[in-house]
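Worksheet: one structure, shown below.
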Amino acid sequence: MKKFNIRKVLDGLKEQASSSVSSGQSGAPENNLMHETLQSENFQLCKTVRHGFPYQPSSMAHDPVQKILAIGTQSGALRLFGRPGVECYCQHESGAAVISLQFLINEGALVSALADDSVHLWNLRQRRPAILHSLKFNRERITFVHLPFQSKWLYIGTEKGNIHIVNVESFTLSGYVIMWNKAIELSSKAHPGPVVHISDNPMDEGKLIIGYEAGIVVLWDLKSKKADYRYTYDEAIHSVAWHHEGKQFICSHSDGTLTIWNIKGQGKPFQTITPHGKQPKDGKKPEPCKPILKVEYKTTRLGDPFMILSGGLSYDTVGRRPCLTVMHGKSTAVLEMDYPIVDFLTLCETPYSNDFQEPYAVVVLLEKDLVVIDLAQNGYPIFENPYPLTIHESPVTCCEYFADCPVDLIPALYSVGSRQKRQGYSKKEWPISGGNWGLGTQSYPEIIITGHADGTVKFWDASAIMLQVLYKLKTAKVFEKSRNNKEDKQNTEIVDEDPFAIQIMAWCPESRMLCVAGVSANLIIYRFSKQEITTEVLLEVRLQYEVNDMESPPEGGGGGDRDLPTPGAASPSPQTTGPPTHPSTSSNSSDGVRDNVPCLKVRSTPLKQSSGYQVELVVQLVWVSGEPPQQITSLALNSSYGLIVFGNSNGLAVVDYLQKTVLLNLGTVELYGSNDPYQRQARSPRKARQPAGGLCDINEGSASEDRCKSPTSGKLSFSMLELCVFSTCVRVLYLSVLSSTVLLSVCPPRGANPLDHRDNSFSRSRSSSVTSIDKEAREAITSFHFCETFARKGDSAITPCLYVGTSLGTVLAVALNLPPAGEQRLLQPVIVLPSGTLARLKGSILRMAFLDNTGTFLPPAFETWYEPNAAGADSEERDKARKRRPVSVSPSTSQELQESQYAVVCSEKQAKVIALPSQNCIFKHSITETSFVLRADVVQMNIGNCVACFCANGHIMTLSPIQQMKDKHLVNLPIVSNFKNALQQKHNI
């Protein structure tokens, strides 16, 4: 009897289903053209480089011969800095704080002492620094370490007051120990405290100065093993420094005083100085000041010596920032710092302590910055820091990475960035100039863009091992400065401290177009130019969404033309200097509710724009019924189409930045039309309010007339008839896809139940099974993707499209009807038409991408860059470039209805691959059940494409979408690799 196999039956059914899709297509190619090339062995996790400022720095050292700087941190990390481009990161396994660093000067070695009482010798001469020797103290705590120049003996002071000596060559303890009781003998009956300083006499390396915390200083003779002199002061000691002749030394104390001692003195200081204390009359003691934590005494051959100290300010200077004081002759300069001082050291011309030091700079290590001060110029200017430490200058609020950029892009950004004015810096070269440049492994240009809380955008060259700042853009220049009055405070309630903070960025490397979205619900579009211009009037577009009450559907179901959102039309005066003067049409107008006002005011004075990124257009969402606008949650730019699209928690808007018009401005529900899967109740607009789809700057008496005007003036202006016809066309298109019209608010309806603490943002783990009407009404737009694909199911030709992803896991398609390139593109309208739902996934949609029938990634179309301010022959070249539309890499229309494209969609929970134009889901994969994906992208590798996902639990997953296409019987999208941090620290991946 023949055995029955249910699996073969199911396989046969699947084959029939797959063959039915391609029925009638003679000679349709199969998916055997797609060969899987990705394997798990192709992926590995390795550390390459770490950018940014060392977190929680604790110590510092400098090699004056090789000119290398080392910084230790509280987490046991070491950062080595040389000339610009030279940087190295090392880590102690124990993770204990680095309390002291000492270079073996000009030997390529470094000694580090940690808070766990261990001492390590690092070899810096090899490609990757490594620890050669280690030594651990078990019974004593290390407090100070000293290594004389060209000496093999390392002196280690402890908390008990003893000093141990280590042979650096063998890294073993010698039998020589300086006991605290023999050092102080009868000079004090009590314990002198921990050792806070050790140094050798510049003229005699056999003589050591030992400083104890309690105020005792001992000059110790290493040969005779006894103390030559003892110096006692009634205030605690923090540091000691020698004069180069070895006849005097200076001490800093806890009461803000400096004492200068002669070696052969009579037990009293030769001179006492209180740098920041008031000198009283009648010989009284000066008022106490804050402790002087460190002092350095450096001499010059032709001038007065330098005394440099940190701390010592008087107690009455409340709120004053941390200071570094430079005393040179009769002048005293107080240099304020932005952060507390961790340590400082003086750079000198010679490493020999018995010669005139000739100091030329001071390196100041702050808690969050590294500052180098030029001592040779008047005013003590600082050097411009070439390291990528300024990433933290303002907190980073968003970050984007671009690989394989055009080869001329980095030189162009560097050219305009080098011309930006940098005033107040030293004219000399950066003094830390050791080491050699490392060669990066990348052969393609890489750029990182960071957006910051103060509204700045920075472009970084990431092609080499170390980041380099290329260009800096300040978006706050577009807006008026806040006057801190009541009106401005009310407008900026949407944010607490940083109204200019960057939230999202969209950048096209080929066209160099940049779009920046801020937390104050504003959008700025920039165009790159190498020429300087002055903009007299900044073009501004204001958008608002109508606020609606929950009501029963109107009679007749669908509603008429009056219920439709008016396509956005700009104000006749694109520049606004204040709130509109017309009375509000809201019911709360008598109560002084602010309406139709943006959170920030665009500046009204001419704006001089230097070469680089120049403002093209400003778009702002406005207040409605006393409620601030929702922040922008997603953003996309396409230079080939000349469109910007952005969305928030309730809707989206499409802006044509070439014609300066709003093409689409509607709520998320309107995208579904009659196919809304959540069965939401239709809502009608407020009767007392006009449908407001466009701009707020509209007077009551001329609302319909103003809606038909263009936001621009001069050459780019539309006539009233043209824009009215355009508006009518769009309304007809709306009627063809919507069974009922809905005006969705940017803010919650008045009287509705307040949401939770996540009111202004969508839930990261929201499931697509949510049934609450309130939550459905707040479906956010989370992602966009421009592409040339099939707009509807069964289409035979590809067209420009916009795909929209929402927080409820829905992917919707919007068809774009573009006029021909060139002059017609600037005159004819762009038609935007929602065309239905493509797919639904669990969780918010994060990323969408498209592949052809061979599994090759299909990038969005783009326009090549041209000089926008060109004249004459350059202008003709610009027009030619604008008429050329990039060749589409999508399949040809002759392929008809075969599966010629694949859409890859990734959400917080799932990944799906959908065949186009049939819109059949070929397979899906559940990425995670216990966590959610934070970020995902389709990564192009030289051996294939993969979907890379970074999860909230610290995992990095890579999935291959091509492997499944070869065998449609498979269901799950396979995980190629699942990385986890080797140190099991998920936050450090």
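Residues in the structure tokens are numbered from 1 in each chain, the chains being A, B, ... in the order shown, and ligands are numbered from 1 in the order shown.
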
**OP:** Write out as JSON, numbers by chain all residues of region 156-373 of chain A that DSSP puts in strand (DSSP E or B) for this structure's backbone.
**Re:** {"A": [156, 157, 158, 163, 164, 165, 166, 167, 172, 173, 174, 175, 176, 177, 178, 195, 196, 197, 198, 199, 200, 201, 204, 205, 206, 207, 208, 209, 210, 211, 212, 216, 217, 218, 219, 220, 221, 226, 227, 228, 229, 230, 231, 232, 237, 238, 239, 240, 241, 242, 248, 249, 250, 251, 252, 253, 258, 259, 260, 261, 262, 271, 272, 273, 289, 292, 293, 294, 295, 296, 297, 298, 306, 307, 308, 309, 310, 311, 314, 323, 324, 325, 326, 327, 328, 331, 332, 333, 334, 335, 336, 341, 342, 343, 344, 345, 346, 347, 348, 359, 360, 361, 362, 363, 364, 365, 366, 370, 371, 372, 373]}

Original post:
Hey, what does DSSP flag as helix (DSSP H, G or I) within region 346-511 of chain A? Can you give it to me as a ChimeraX atom specification?
Top reply: /A:388-392,409-418,475-478,486-491

Original post:
How many Å lie between CA of Phe103 (chain A) and CA of Val65 (chain A), rounded to one decimal?
Top reply: 10.4 Å

**OP:** Excluding Trp507 (chain A) and residues on its chain fewer than 4 positions from it, collect all residues at most 12 Å away from it, counting only C-alpha atoms, and give them as a ChimeraX atom specification.
**Re:** /A:399-402,405,447-450,457,459,511-517,524-528,613,635-639,644,862

Subject >> Residue neighbourhood Tyr155 (chain A), 8 Å, only C-alpha atoms, exclusion window fewer than 5 positions, as an MDAnalysis selection string >> reply: chainID A and resid 145:147 163:166 198

Please produce a file of the residues just selected, as a tab-separated table (two decimals), in the first residue's frame, where the atoms kept are N, CA and C atoms.
chain	number	residue	atom	x	y	z
A	145	VAL	N	51.60	58.48	42.47
A	145	VAL	CA	52.63	57.77	41.71
A	145	VAL	C	53.54	58.79	41.06
A	146	HIS	N	54.85	58.55	41.11
A	146	HIS	CA	55.82	59.45	40.49
A	146	HIS	C	56.90	58.64	39.79
A	147	LEU	N	57.21	59.02	38.54
A	147	LEU	CA	58.27	58.38	37.77
A	147	LEU	C	59.18	59.48	37.23
A	163	ILE	N	55.97	54.85	51.31
A	163	ILE	CA	56.35	54.96	49.91
A	163	ILE	C	57.10	53.69	49.52
A	164	HIS	N	56.59	53.02	48.47
A	164	HIS	CA	57.21	51.83	47.93
A	164	HIS	C	57.87	52.17	46.60
A	165	ILE	N	58.94	51.45	46.29
A	165	ILE	CA	59.70	51.71	45.07
A	165	ILE	C	59.67	50.46	44.21
A	166	VAL	N	59.30	50.67	42.91
A	166	VAL	CA	59.15	49.56	41.97
A	166	VAL	C	60.17	49.74	40.85
A	198	ILE	N	54.92	63.28	45.55
A	198	ILE	CA	56.29	62.77	45.54
A	198	ILE	C	56.98	63.36	44.31

Quick one: residues within 9 Å of Ser783 (chain A), only C-alpha atoms counted, chain neighbours fewer than 4 positions away excluded, as a PDB file with N, CA and C atoms, in the first residue's frame?
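Okay, out-v4.pdb is ready:
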ATOM      1  N   THR A 633       7.118  63.239  13.772  1.00  0.00           N
ATOM      2  CA  THR A 633       7.610  61.904  14.108  1.00  0.00           C
ATOM      3  C   THR A 633       8.327  61.214  12.955  1.00  0.00           C
ATOM      4  N   SER A 634       8.142  61.686  11.731  1.00  0.00           N
ATOM      5  CA  SER A 634       8.785  61.042  10.582  1.00  0.00           C
ATOM      6  C   SER A 634       9.005  62.078   9.495  1.00  0.00           C
ATOM      7  N   LEU A 635       9.999  61.802   8.653  1.00  0.00           N
ATOM      8  CA  LEU A 635      10.402  62.788   7.647  1.00  0.00           C
ATOM      9  C   LEU A 635      11.098  62.063   6.498  1.00  0.00           C
ATOM     10  N   ALA A 636      10.851  62.532   5.271  1.00  0.00           N
ATOM     11  CA  ALA A 636      11.530  61.965   4.106  1.00  0.00           C
ATOM     12  C   ALA A 636      11.664  63.054   3.048  1.00  0.00           C
ATOM     13  N   PHE A 646       6.325  64.848   5.703  1.00  0.00           N
ATOM     14  CA  PHE A 646       6.534  64.682   7.142  1.00  0.00           C
ATOM     15  C   PHE A 646       5.212  64.326   7.796  1.00  0.00           C
ATOM     16  N   GLY A 647       5.295  63.654   8.925  1.00  0.00           N
ATOM     17  CA  GLY A 647       4.096  63.242   9.647  1.00  0.00           C
ATOM     18  C   GLY A 647       4.280  63.383  11.135  1.00  0.00           C
ATOM     19  N   TYR A 803       5.449  55.462   0.074  1.00  0.00           N
ATOM     20  CA  TYR A 803       4.898  54.481   0.997  1.00  0.00           C
ATOM     21  C   TYR A 803       4.971  55.040   2.411  1.00  0.00           C
ATOM     22  N   VAL A 804       3.880  54.848   3.157  1.00  0.00           N
ATOM     23  CA  VAL A 804       3.706  55.438   4.481  1.00  0.00           C
ATOM     24  C   VAL A 804       3.547  54.320   5.494  1.00  0.00           C
ATOM     25  N   GLY A 805       4.328  54.352   6.579  1.00  0.00           N
ATOM     26  CA  GLY A 805       4.188  53.403   7.669  1.00  0.00           C
ATOM     27  C   GLY A 805       3.664  54.085   8.910  1.00  0.00           C
ATOM     28  N   THR A 806       2.805  53.392   9.651  1.00  0.00           N
ATOM     29  CA  THR A 806       2.164  53.979  10.832  1.00  0.00           C
ATOM     30  C   THR A 806       2.539  53.219  12.087  1.00  0.00           C
ATOM     31  N   SER A 807       2.168  53.783  13.214  1.00  0.00           N
ATOM     32  CA  SER A 807       2.478  53.173  14.505  1.00  0.00           C
ATOM     33  C   SER A 807       1.615  51.960  14.802  1.00  0.00           C
ATOM     34  N   SER A 844       5.070  49.220  15.344  1.00  0.00           N
ATOM     35  CA  SER A 844       5.247  50.374  14.466  1.00  0.00           C
ATOM     36  C   SER A 844       6.154  50.031  13.287  1.00  0.00           C
ATOM     37  N   ILE A 845       5.837  50.585  12.139  1.00  0.00           N
ATOM     38  CA  ILE A 845       6.663  50.372  10.947  1.00  0.00           C
ATOM     39  C   ILE A 845       7.923  51.218  11.082  1.00  0.00           C
ATOM     40  N   LEU A 846       9.084  50.583  10.921  1.00  0.00           N
ATOM     41  CA  LEU A 846      10.363  51.269  11.067  1.00  0.00           C
ATOM     42  C   LEU A 846      11.061  51.537   9.738  1.00  0.00           C
ATOM     43  N   ARG A 847      11.007  50.587   8.807  1.00  0.00           N
ATOM     44  CA  ARG A 847      11.786  50.726   7.591  1.00  0.00           C
ATOM     45  C   ARG A 847      11.110  49.981   6.451  1.00  0.00           C
ATOM     46  N   MET A 848      11.211  50.569   5.254  1.00  0.00           N
ATOM     47  CA  MET A 848      10.713  49.937   4.030  1.00  0.00           C
ATOM     48  C   MET A 848      11.797  50.049   2.969  1.00  0.00           C
TER      49      MET A 848
END
